[in-house]
Amino acid sequence: MNLRRDVFQAIADPTRRAILLLVASQALTAGAIAANFDTARPTVSKHLQILTECELLEQKQTGREIYYHINAKNMKQVADFIEPFRKMWDERFNKLEDIMKAYQSKK
Amino acid sequence: MEQKTKVNAEDGKQDLVITREFDLPVELLFKAYTEPEFVEQWMGTKVLKLESKKHGSYQFETSDGKGNVAFKASGVIHEFSPNKKITKTFEMEDMPFGVQLEVYEFERLSAGTSKLSMHVIYESVVQRDQVLKLPFAQGINMAHNRIQDIISKLK
C-alpha cells in the first residue's frame with residue numbers, strides 16, 4: 001500500500017510531471033524524452049526510473065527500441081485525489097491518538 | 001503495511017466513508033470527540049461551544065498565526081449515544097461547500113482498541129469532490145491539472 005504515497009512523491013517533482021505530460025500524448029523512447037529537456041541525460045534517466053518504479057510509466061520493447069508508455073490505471077489513482085485527503089485525516093487521527101494516550105497515562 | 005486510516009469515496013456518489021482503528025479504549029476515543037479541551041487539541045481549533053447531547057449545537061473557530069479568524073465551522077447534534085454513535089451536521093461558514101451530514105460510529109474492538117467509522121453525506125457529488133480536492137489544491141500546481149485533463153480524455 002506504499003504505492004500510492006510513492007506515486008505522490010513521484011508527481012511532486014516538476015520535471016517528472018513534465019515527463020508524464022509528454023508521454024501521456026504519445027509513447028516515447030528515453031532519448032526522445034531527454035531531447036525535450038535541458039537537463040543532463042542521466043538525470044532524465046533517473047526520473048524515468050522513478051516513474052517506472054512507481055508504475056506510472058511502463059516500458060515496452062518495439063523492435064530494438066524501448067518505448068515508455070503511460071500507465072493509465074495508476075494515473076487514474078492520482079486523478080482520484082483521495083490520497084491527500086486520506087493523509088490529512090490520518091495525521092489528524094494520529095494526533096488524536098497521541099493526545100488521548102498522553103491523557104490516559106496521566107490518569 | 002495495512003493503512004490505519006481508510007477513505008472510501010466511490011466515483012459519482014455524494015458521500016464518503018472514513019474508517020480508522022485506534023490503540024485507545026472506545027471511551028477515550030469518544031471523549032476526544034465530545035470534550036472541548038480534547039477537540040481543541042487534536043483539531044487545532046478553538047471551541048466556542050460544544051453541547052454534546054441530542055439537540056445540542058457546536059461552534060468552532062480556527063485562527064491563523066496572526067490571530068485572524070481563518071475558518072469557522074458549526075452544526076447541530078441529532079443523535080448522541082455515549083461510546084456508540086453521534087449524528088450531526090457540519091458546515092464551514094462562508095464557504096461554498098454547503099452543509100454535510102456526519103454519522104460517527106464508535107466500536108469497541110478490545111479493552112484497549114477501538115474503531116471509528118465516519119460516514120459523511122454531502123449535498124451533491126460536486127460538493128463532495130470539492131471537499132476531497134481541498135488538501136490537494138494546496139500542494140500541487142497547474143501542471144497537475146493538465147495531467148488531469150489528459151487522463152480524463154484517456155478514460
# chains A, B, ... in the order shown; residues from 1 in each chain; ligands from 1
$ closest_atom_pairs --of "chain A" --to "chain B" --cutoff "10 Å" --atoms "only C-alpha atoms" --output "CSV"
residue,atom,partner,partner_atom,distance
A:Met1,CA,B:Met1,CA,6.3
A:Asn2,CA,B:Met1,CA,7.5
A:Phe8,CA,B:Ile140,CA,9.8
A:Ile11,CA,B:His144,CA,8.1
A:Ala12,CA,B:Ile140,CA,7.3
A:Asp13,CA,B:Ile140,CA,9.9
A:Pro14,CA,B:Ala143,CA,7.9
A:Arg17,CA,B:Ala143,CA,6.8
A:Ala18,CA,B:Ala143,CA,7.5
A:Leu20,CA,B:Ile147,CA,7.6
A:Leu21,CA,B:Ile147,CA,6.2
A:Leu22,CA,B:Ile147,CA,9.9
A:Ala24,CA,B:Ile150,CA,7.0
A:Ser25,CA,B:Ile150,CA,7.8
A:Ile70,CA,B:Ile151,CA,9.9
A:Ala72,CA,B:Ile151,CA,7.3
A:Lys73,CA,B:Lys155,CA,9.4
A:Met75,CA,B:Ile151,CA,7.2
A:Lys76,CA,B:Ile151,CA,6.9
A:Val78,CA,B:Gln148,CA,8.6
A:Ala79,CA,B:Gln148,CA,6.0
A:Asp80,CA,B:Asp11,CA,8.6
A:Phe81,CA,B:Lys133,CA,6.1
A:Ile82,CA,B:Leu132,CA,6.4
A:Glu83,CA,B:Phe136,CA,8.5
A:Pro84,CA,B:Phe136,CA,5.7
A:Phe85,CA,B:Pro135,CA,5.8
A:Arg86,CA,B:Val7,CA,6.0
A:Lys87,CA,B:Thr5,CA,8.0
A:Met88,CA,B:Pro135,CA,7.2
A:Trp89,CA,B:Thr5,CA,7.3
A:Asp90,CA,B:Thr5,CA,5.4
A:Glu91,CA,B:Thr5,CA,9.2
A:Arg92,CA,B:Trp42,CA,6.6
A:Phe93,CA,B:Trp42,CA,7.8
A:Asn94,CA,B:Phe22,CA,8.7
A:Lys95,CA,B:Trp42,CA,5.6
A:Leu96,CA,B:Trp42,CA,5.0
A:Glu97,CA,B:Phe22,CA,6.7
A:Asp98,CA,B:Trp42,CA,8.9
A:Ile99,CA,B:Trp42,CA,7.0
A:Met100,CA,B:Leu28,CA,6.6
A:Lys101,CA,B:Leu24,CA,7.1
A:Tyr103,CA,B:Leu28,CA,9.0
A:Gln104,CA,B:Leu28,CA,8.0
$ write_last_selection --atoms "C-alpha atoms" --output "mmCIF file, in the first residue's frame"
data_model
loop_
_atom_site.group_PDB
_atom_site.id
_atom_site.type_symbol
_atom_site.label_atom_id
_atom_site.label_comp_id
_atom_site.auth_asym_id
_atom_site.auth_seq_id
_atom_site.Cartn_x
_atom_site.Cartn_y
_atom_site.Cartn_z
ATOM 1 C CA MET A 1 0.000 0.000 0.000
ATOM 2 C CA ASN A 2 3.048 2.277 -0.140
ATOM 3 C CA PHE A 8 2.516 11.333 -4.986
ATOM 4 C CA ILE A 11 4.498 13.752 -9.181
ATOM 5 C CA ALA A 12 5.845 16.242 -6.638
ATOM 6 C CA ASP A 13 8.780 16.914 -8.975
ATOM 7 C CA PRO A 14 8.169 19.356 -11.871
ATOM 8 C CA ARG A 17 5.276 15.938 -14.150
ATOM 9 C CA ALA A 18 6.518 17.318 -17.454
ATOM 10 C CA LEU A 20 4.247 12.414 -17.694
ATOM 11 C CA LEU A 21 2.628 15.126 -19.790
ATOM 12 C CA LEU A 22 4.885 14.316 -22.735
ATOM 13 C CA ALA A 24 0.601 10.952 -21.953
ATOM 14 C CA SER A 25 0.161 12.212 -25.506
ATOM 15 C CA ILE A 70 1.751 5.950 -19.580
ATOM 16 C CA ALA A 72 -3.424 4.826 -17.279
ATOM 17 C CA LYS A 73 -4.635 2.679 -14.399
ATOM 18 C CA MET A 75 -2.508 7.632 -13.287
ATOM 19 C CA LYS A 76 -6.192 7.317 -12.513
ATOM 20 C CA VAL A 78 -3.512 10.067 -8.886
ATOM 21 C CA ALA A 79 -6.545 11.568 -10.537
ATOM 22 C CA ASP A 80 -8.779 10.265 -7.788
ATOM 23 C CA PHE A 81 -7.483 12.974 -5.469
ATOM 24 C CA ILE A 82 -8.194 10.840 -2.446
ATOM 25 C CA GLU A 83 -4.685 10.300 -1.134
ATOM 26 C CA PRO A 84 -4.002 13.844 0.193
ATOM 27 C CA PHE A 85 -7.432 13.844 1.823
ATOM 28 C CA ARG A 86 -6.719 10.469 3.429
ATOM 29 C CA LYS A 87 -3.324 11.650 4.587
ATOM 30 C CA MET A 88 -4.845 14.765 6.166
ATOM 31 C CA TRP A 89 -7.238 12.606 8.184
ATOM 32 C CA ASP A 90 -4.527 10.098 9.013
ATOM 33 C CA GLU A 91 -2.391 12.878 10.500
ATOM 34 C CA ARG A 92 -5.342 14.291 12.443
ATOM 35 C CA PHE A 93 -6.193 10.863 13.849
ATOM 36 C CA ASN A 94 -2.552 10.224 14.771
ATOM 37 C CA LYS A 95 -2.647 13.434 16.769
ATOM 38 C CA LEU A 96 -5.905 12.426 18.450
ATOM 39 C CA GLU A 97 -4.364 9.080 19.385
ATOM 40 C CA ASP A 98 -1.208 10.708 20.825
ATOM 41 C CA ILE A 99 -3.167 13.249 22.859
ATOM 42 C CA MET A 100 -5.547 10.672 24.309
ATOM 43 C CA LYS A 101 -2.688 8.250 25.081
ATOM 44 C CA TYR A 103 -4.071 11.728 28.877
ATOM 45 C CA GLN A 104 -4.563 8.008 29.607
#
$ residues_around --residues "Ala35 of chain A" --least-positions-apart "5" --cutoff "12 Å" --atoms "only C-alpha atoms" --output "PyMOL selection string"
chain A and resi 19+22+28-30+40-41+44-45
$ write_last_selection --atoms "N, CA and C atoms" --output "PDB file, in the first residue's frame"
ATOM      1  N   ILE A  19       7.474  15.099 -17.769  1.00  0.00           N
ATOM      2  CA  ILE A  19       7.685  13.831 -18.499  1.00  0.00           C
ATOM      3  C   ILE A  19       6.342  13.114 -18.679  1.00  0.00           C
ATOM      4  N   LEU A  22       4.359  14.680 -21.415  1.00  0.00           N
ATOM      5  CA  LEU A  22       4.885  14.316 -22.735  1.00  0.00           C
ATOM      6  C   LEU A  22       4.416  12.928 -23.150  1.00  0.00           C
ATOM      7  N   LEU A  28       7.117   7.309 -26.010  1.00  0.00           N
ATOM      8  CA  LEU A  28       8.394   7.843 -26.483  1.00  0.00           C
ATOM      9  C   LEU A  28       9.561   7.018 -25.958  1.00  0.00           C
ATOM     10  N   THR A  29      10.686   7.094 -26.668  1.00  0.00           N
ATOM     11  CA  THR A  29      11.915   6.456 -26.175  1.00  0.00           C
ATOM     12  C   THR A  29      12.586   7.412 -25.184  1.00  0.00           C
ATOM     13  N   ALA A  30      13.518   6.862 -24.391  1.00  0.00           N
ATOM     14  CA  ALA A  30      14.227   7.679 -23.401  1.00  0.00           C
ATOM     15  C   ALA A  30      14.932   8.850 -24.093  1.00  0.00           C
ATOM     16  N   ALA A  40      20.706  17.090 -17.942  1.00  0.00           N
ATOM     17  CA  ALA A  40      21.602  16.038 -18.418  1.00  0.00           C
ATOM     18  C   ALA A  40      20.835  14.719 -18.588  1.00  0.00           C
ATOM     19  N   ARG A  41      21.238  13.968 -19.568  1.00  0.00           N
ATOM     20  CA  ARG A  41      20.590  12.707 -19.899  1.00  0.00           C
ATOM     21  C   ARG A  41      20.473  11.748 -18.696  1.00  0.00           C
ATOM     22  N   VAL A  44      17.554  12.697 -16.518  1.00  0.00           N
ATOM     23  CA  VAL A  44      16.280  12.278 -17.111  1.00  0.00           C
ATOM     24  C   VAL A  44      16.079  10.771 -16.924  1.00  0.00           C
ATOM     25  N   SER A  45      17.147  10.010 -17.099  1.00  0.00           N
ATOM     26  CA  SER A  45      17.061   8.551 -16.907  1.00  0.00           C
ATOM     27  C   SER A  45      16.621   8.217 -15.490  1.00  0.00           C
TER      28      SER A  45
END
$ residues_around --residues "Gly75 of chain B" --least-positions-apart "6" --cutoff "6 Å" --atoms "only C-alpha atoms" --output "PyMOL selection string"
chain B and resi 57-58+89-90
$ residues_around --residues "Gly56 of chain B" --least-positions-apart "5" --cutoff "8 Å" --atoms "only C-alpha atoms" --output "PyMOL selection string"
chain B and resi 50-51+76-78
$ select_by_dssp --residues "segment 28-107 of chain A" --states "strand (DSSP E)" --output "mmCIF file with all heavy atoms, in the first residue's frame"
data_model
loop_
_atom_site.group_PDB
_atom_site.id
_atom_site.type_symbol
_atom_site.label_atom_id
_atom_site.label_comp_id
_atom_site.auth_asym_id
_atom_site.auth_seq_id
_atom_site.Cartn_x
_atom_site.Cartn_y
_atom_site.Cartn_z
ATOM 1 N N LEU A 28 7.117 7.309 -26.010
ATOM 2 C CA LEU A 28 8.394 7.843 -26.483
ATOM 3 C C LEU A 28 9.561 7.018 -25.958
ATOM 4 O O LEU A 28 9.454 6.378 -24.915
ATOM 5 C CB LEU A 28 8.566 9.293 -25.992
ATOM 6 C CG LEU A 28 7.630 10.360 -26.547
ATOM 7 C CD1 LEU A 28 7.728 11.634 -25.724
ATOM 8 C CD2 LEU A 28 7.946 10.651 -28.013
ATOM 9 N N THR A 29 10.686 7.094 -26.668
ATOM 10 C CA THR A 29 11.915 6.456 -26.175
ATOM 11 C C THR A 29 12.586 7.412 -25.184
ATOM 12 O O THR A 29 12.279 8.602 -25.154
ATOM 13 C CB THR A 29 12.915 6.201 -27.325
ATOM 14 O OG1 THR A 29 13.268 7.475 -27.888
ATOM 15 C CG2 THR A 29 12.318 5.323 -28.406
ATOM 16 N N LEU A 57 4.763 4.852 -15.379
ATOM 17 C CA LEU A 57 5.207 4.591 -16.754
ATOM 18 C C LEU A 57 5.492 3.097 -16.914
ATOM 19 O O LEU A 57 5.865 2.424 -15.954
ATOM 20 C CB LEU A 57 6.499 5.368 -17.067
ATOM 21 C CG LEU A 57 6.413 6.883 -17.202
ATOM 22 C CD1 LEU A 57 7.782 7.447 -17.567
ATOM 23 C CD2 LEU A 57 5.377 7.290 -18.242
ATOM 24 N N GLU A 58 5.308 2.624 -18.129
ATOM 25 C CA GLU A 58 5.624 1.227 -18.447
ATOM 26 C C GLU A 58 6.591 1.211 -19.623
ATOM 27 O O GLU A 58 6.443 2.025 -20.536
ATOM 28 C CB GLU A 58 4.352 0.487 -18.884
ATOM 29 C CG GLU A 58 3.397 0.179 -17.763
ATOM 30 C CD GLU A 58 2.094 -0.390 -18.292
ATOM 31 O OE1 GLU A 58 1.551 0.155 -19.270
ATOM 32 O OE2 GLU A 58 1.637 -1.386 -17.725
ATOM 33 N N GLN A 59 7.529 0.267 -19.568
ATOM 34 C CA GLN A 59 8.451 0.123 -20.699
ATOM 35 C C GLN A 59 7.945 -0.993 -21.609
ATOM 36 O O GLN A 59 7.572 -2.055 -21.126
ATOM 37 C CB GLN A 59 9.845 -0.272 -20.202
ATOM 38 C CG GLN A 59 10.519 0.817 -19.393
ATOM 39 C CD GLN A 59 11.841 0.345 -18.817
ATOM 40 O OE1 GLN A 59 11.973 -0.805 -18.409
ATOM 41 N NE2 GLN A 59 12.826 1.223 -18.787
ATOM 42 N N LYS A 60 7.932 -0.706 -22.920
ATOM 43 C CA LYS A 60 7.574 -1.755 -23.879
ATOM 44 C C LYS A 60 8.576 -1.758 -25.008
ATOM 45 O O LYS A 60 8.916 -0.702 -25.543
ATOM 46 C CB LYS A 60 6.168 -1.513 -24.451
ATOM 47 C CG LYS A 60 5.053 -1.931 -23.494
ATOM 48 C CD LYS A 60 3.685 -1.695 -24.087
ATOM 49 C CE LYS A 60 2.627 -1.746 -22.995
ATOM 50 N NZ LYS A 60 1.354 -1.150 -23.440
ATOM 51 N N GLN A 61 9.036 -2.970 -25.318
ATOM 52 C CA GLN A 61 10.028 -3.117 -26.394
ATOM 53 C C GLN A 61 9.307 -3.124 -27.738
ATOM 54 O O GLN A 61 8.366 -3.894 -27.945
ATOM 55 C CB GLN A 61 10.781 -4.435 -26.193
ATOM 56 C CG GLN A 61 11.866 -4.677 -27.210
ATOM 57 C CD GLN A 61 13.257 -4.534 -26.600
ATOM 58 O OE1 GLN A 61 13.443 -4.705 -25.417
ATOM 59 N NE2 GLN A 61 14.240 -4.209 -27.436
ATOM 60 N N THR A 62 9.733 -2.240 -28.640
ATOM 61 C CA THR A 62 9.201 -2.252 -30.005
ATOM 62 C C THR A 62 10.412 -2.311 -30.922
ATOM 63 O O THR A 62 11.158 -1.340 -31.035
ATOM 64 C CB THR A 62 8.375 -0.982 -30.296
ATOM 65 O OG1 THR A 62 7.422 -0.820 -29.253
ATOM 66 C CG2 THR A 62 7.652 -1.082 -31.624
ATOM 67 N N GLU A 65 13.964 -0.714 -30.002
ATOM 68 C CA GLU A 65 13.802 0.433 -29.091
ATOM 69 C C GLU A 65 12.880 0.114 -27.916
ATOM 70 O O GLU A 65 11.934 -0.657 -28.065
ATOM 71 C CB GLU A 65 13.184 1.620 -29.862
ATOM 72 C CG GLU A 65 13.971 2.055 -31.065
ATOM 73 C CD GLU A 65 15.033 3.094 -30.743
ATOM 74 O OE1 GLU A 65 15.454 3.188 -29.574
ATOM 75 O OE2 GLU A 65 15.428 3.824 -31.684
ATOM 76 N N ILE A 66 13.186 0.757 -26.776
ATOM 77 C CA ILE A 66 12.274 0.657 -25.641
ATOM 78 C C ILE A 66 11.467 1.945 -25.558
ATOM 79 O O ILE A 66 12.043 3.042 -25.505
ATOM 80 C CB ILE A 66 13.048 0.414 -24.326
ATOM 81 C CG1 ILE A 66 13.679 -0.980 -24.366
ATOM 82 C CG2 ILE A 66 12.125 0.539 -23.111
ATOM 83 C CD1 ILE A 66 14.658 -1.241 -23.243
ATOM 84 N N TYR A 67 10.158 1.802 -25.590
ATOM 85 C CA TYR A 67 9.272 2.958 -25.507
ATOM 86 C C TYR A 67 8.647 3.035 -24.110
ATOM 87 O O TYR A 67 8.317 2.015 -23.522
ATOM 88 C CB TYR A 67 8.144 2.867 -26.549
ATOM 89 C CG TYR A 67 8.591 3.258 -27.926
ATOM 90 C CD1 TYR A 67 9.238 2.339 -28.755
ATOM 91 C CD2 TYR A 67 8.399 4.557 -28.392
ATOM 92 C CE1 TYR A 67 9.660 2.715 -30.023
ATOM 93 C CE2 TYR A 67 8.814 4.936 -29.660
ATOM 94 C CZ TYR A 67 9.452 4.013 -30.478
ATOM 95 O OH TYR A 67 9.877 4.383 -31.713
ATOM 96 N N TYR A 68 8.518 4.267 -23.651
ATOM 97 C CA TYR A 68 7.814 4.498 -22.387
ATOM 98 C C TYR A 68 6.364 4.841 -22.680
ATOM 99 O O TYR A 68 6.077 5.718 -23.496
ATOM 100 C CB TYR A 68 8.472 5.642 -21.595
ATOM 101 C CG TYR A 68 9.781 5.218 -20.988
ATOM 102 C CD1 TYR A 68 10.972 5.321 -21.693
ATOM 103 C CD2 TYR A 68 9.811 4.684 -19.693
ATOM 104 C CE1 TYR A 68 12.167 4.914 -21.140
ATOM 105 C CE2 TYR A 68 11.009 4.269 -19.123
ATOM 106 C CZ TYR A 68 12.185 4.388 -19.856
ATOM 107 O OH TYR A 68 13.375 3.985 -19.301
ATOM 108 N N HIS A 69 5.462 4.120 -22.012
ATOM 109 C CA HIS A 69 4.016 4.351 -22.134
ATOM 110 C C HIS A 69 3.481 4.810 -20.790
ATOM 111 O O HIS A 69 4.017 4.453 -19.753
ATOM 112 C CB HIS A 69 3.283 3.046 -22.491
ATOM 113 C CG HIS A 69 3.637 2.491 -23.822
ATOM 114 N ND1 HIS A 69 2.760 2.498 -24.876
ATOM 115 C CD2 HIS A 69 4.784 1.898 -24.272
ATOM 116 C CE1 HIS A 69 3.347 1.934 -25.925
ATOM 117 N NE2 HIS A 69 4.575 1.567 -25.593
ATOM 118 N N ILE A 70 2.388 5.543 -20.821
ATOM 119 C CA ILE A 70 1.751 5.950 -19.580
ATOM 120 C C ILE A 70 0.925 4.768 -19.044
ATOM 121 O O ILE A 70 0.347 4.025 -19.824
ATOM 122 C CB ILE A 70 0.867 7.202 -19.805
ATOM 123 C CG1 ILE A 70 0.638 7.953 -18.503
ATOM 124 C CG2 ILE A 70 -0.475 6.877 -20.450
ATOM 125 C CD1 ILE A 70 1.435 9.220 -18.420
#
$ atom_distance --atom1 "atom CA of Ile33 of chain A" --atom2 "atom CA of His47 of chain A"
10.7 Å
$ closest_residue --among "A:Lys46, A:Ala34, A:Leu51, A:Thr39" --to "Gln9 of chain A" --atoms "only C-alpha atoms"
A:Leu51
